[in-house]
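Coordinates as given in start-v4.txt (compact mmCIF, C-alpha atoms):
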# COMPACT_ATOMS: atom_id res chain seq x y z
CA LYS P 1 -23.31 -1.02 -8.84
CA TYR P 2 -21.23 -4.22 -8.48
CA GLY P 3 -22.16 -5.14 -4.91
CA LYS P 4 -18.58 -4.90 -3.67
CA ASN P 5 -18.94 -2.17 -1.05
CA GLY P 6 -18.16 -4.62 1.76
CA THR P 7 -15.09 -5.90 -0.06
CA ALA P 8 -13.78 -2.37 -0.61
CA ALA P 9 -14.35 -1.48 3.04
CA GLY P 10 -12.61 -4.68 4.16
CA VAL P 11 -9.57 -4.01 2.00
CA LEU P 12 -9.35 -0.45 3.31
CA ASN P 13 -9.62 -1.65 6.93
CA ALA P 14 -6.96 -4.32 6.34
CA ALA P 15 -4.57 -1.77 4.81
CA THR P 16 -5.09 0.59 7.74
CA SER P 17 -4.45 -2.20 10.24
CA LEU P 18 -1.31 -3.24 8.39
CA GLY P 19 -0.06 0.35 8.48
CA PHE P 20 -0.56 0.60 12.24
CA THR P 21 1.15 -2.75 12.75
CA LEU P 22 4.16 -1.69 10.71
CA GLN P 23 4.31 1.62 12.54
CA PHE P 24 4.39 0.15 16.03
CA CYS P 25 6.10 -3.21 15.52
CA VAL P 26 8.63 -2.46 12.79
CA PHE P 27 9.47 1.22 12.43
CA GLY P 28 9.75 1.94 16.16
CA PRO P 29 12.32 -0.76 16.92
CA VAL P 30 14.21 -0.02 13.70
CA ALA P 31 14.38 3.67 14.62
CA GLU P 32 15.60 2.87 18.14
CA ASN P 33 18.23 0.36 17.04
CA LEU P 34 19.41 1.65 13.65
CA GLY P 35 18.34 5.28 13.55
CA TRP P 36 15.91 7.43 11.60
CA PRO P 37 17.89 7.50 8.33
CA ILE P 38 17.25 3.76 7.95
CA VAL P 39 13.54 4.27 8.64
CA THR P 40 13.43 7.03 6.03
CA THR P 41 15.13 4.73 3.53
CA LEU P 42 12.57 2.01 4.29
CA TRP P 43 9.76 4.50 3.68
CA ILE P 44 11.25 5.52 0.33
CA VAL P 45 11.59 1.87 -0.72
CA MET P 46 7.99 1.18 0.31
CA ILE P 47 6.76 4.22 -1.64
CA ALA P 48 8.64 2.98 -4.72
CA LEU P 49 7.15 -0.52 -4.34
CA GLY P 50 3.69 1.02 -3.99
CA ALA P 51 4.20 3.07 -7.15
CA VAL P 52 5.32 -0.03 -9.07
CA SER P 53 2.29 -1.94 -7.78
CA VAL P 54 -0.05 0.81 -8.93
CA ALA P 55 1.66 0.90 -12.32
CA PHE P 56 1.07 -2.84 -12.74
CA ALA P 57 -2.58 -2.48 -11.64
CA ILE P 58 -3.44 0.29 -14.10
CA ARG P 59 -3.57 -1.90 -17.22
CA PRO P 60 -5.97 -4.54 -15.84
CA PHE P 61 -8.11 -1.77 -14.37
CA ARG P 62 -8.36 -0.04 -17.75
CA ARG P 63 -9.48 -3.28 -19.36
CA PHE P 64 -12.16 -3.56 -16.68
CA LEU P 65 -13.43 -0.07 -17.50
CA GLU P 66 -13.53 -0.82 -21.24
CA LYS P 67 -15.86 -3.80 -20.66
CA GLU P 68 -18.58 -1.67 -19.08
Is it possible to give me this structure as structure tokens?
Amino acid sequence: KYGKNGTAAGVLNAATSLGFTLQFCVFGPVAENLGWPIVTTLWIVMIALGAVSVAFAIRPFRRFLEKE
């Protein structure tokens, strides 16, 4: 409807690539050097940051839906 299919696919591909990069380049060395409890803590912090980001995105998204 809005002609943004390519943009949505690009954002999804970028997020997937970032996840793989973090997995191999960050979490592996952290797990080897500091242990899995630190990795688990990092995951929990990242989940919390993601939840806060979604919470901040909900209001602008609702305004977008109201304009349709």
Self-check item: Computed interatomic separation between atom CA of Val26 of chain P and atom CA of Trp43 of chain P (Å)
Solution: 11.5 Å
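A straight line drawn from atom CA of Leu12 of chain P to atom CA of Gly50 of chain P is 15.0 Å long.
If you look at atom CA of Pro29 of chain P and atom CA of Thr16 of chain P, they are 19.7 Å away from each other.
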Enclose segment 33-40 of chain P, meaning all of its atoms listed in the file, in a box aligned along x, y and z, pad it by 5 Å on each side, and list the centre and edge lengths in Å to one decimal, as JSON.
{"center_x": 16.4, "center_y": 3.9, "center_z": 11.5, "size_x": 16.0, "size_y": 17.1, "size_z": 21.0}
Neighbouring residues of segment 21-24 of chain P were defined as those with any atom within 12 Å, considering all atoms listed in the file; residues of the same chain fewer than 5 positions away were excluded. Please report them as a PDB file with C-alpha atoms, in the coordinates of the input.
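See out04.pdb below for the written result:
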ATOM      1  CA  ALA P  14      -6.960  -4.320   6.340  1.00  0.00           C
ATOM      2  CA  ALA P  15      -4.570  -1.770   4.810  1.00  0.00           C
ATOM      3  CA  THR P  16      -5.090   0.590   7.740  1.00  0.00           C
ATOM      4  CA  PRO P  29      12.320  -0.760  16.920  1.00  0.00           C
ATOM      5  CA  VAL P  30      14.210  -0.020  13.700  1.00  0.00           C
ATOM      6  CA  ALA P  31      14.380   3.670  14.620  1.00  0.00           C
ATOM      7  CA  GLU P  32      15.600   2.870  18.140  1.00  0.00           C
ATOM      8  CA  VAL P  39      13.540   4.270   8.640  1.00  0.00           C
ATOM      9  CA  LEU P  42      12.570   2.010   4.290  1.00  0.00           C
ATOM     10  CA  TRP P  43       9.760   4.500   3.680  1.00  0.00           C
ATOM     11  CA  MET P  46       7.990   1.180   0.310  1.00  0.00           C
TER      12      MET P  46
END
Self-check item: Which residue of P:Ile58, P:Phe27, P:Leu18, P:Ala9 approaches Thr41 of chain P most closely, using all atoms listed in the file
Solution: P:Phe27
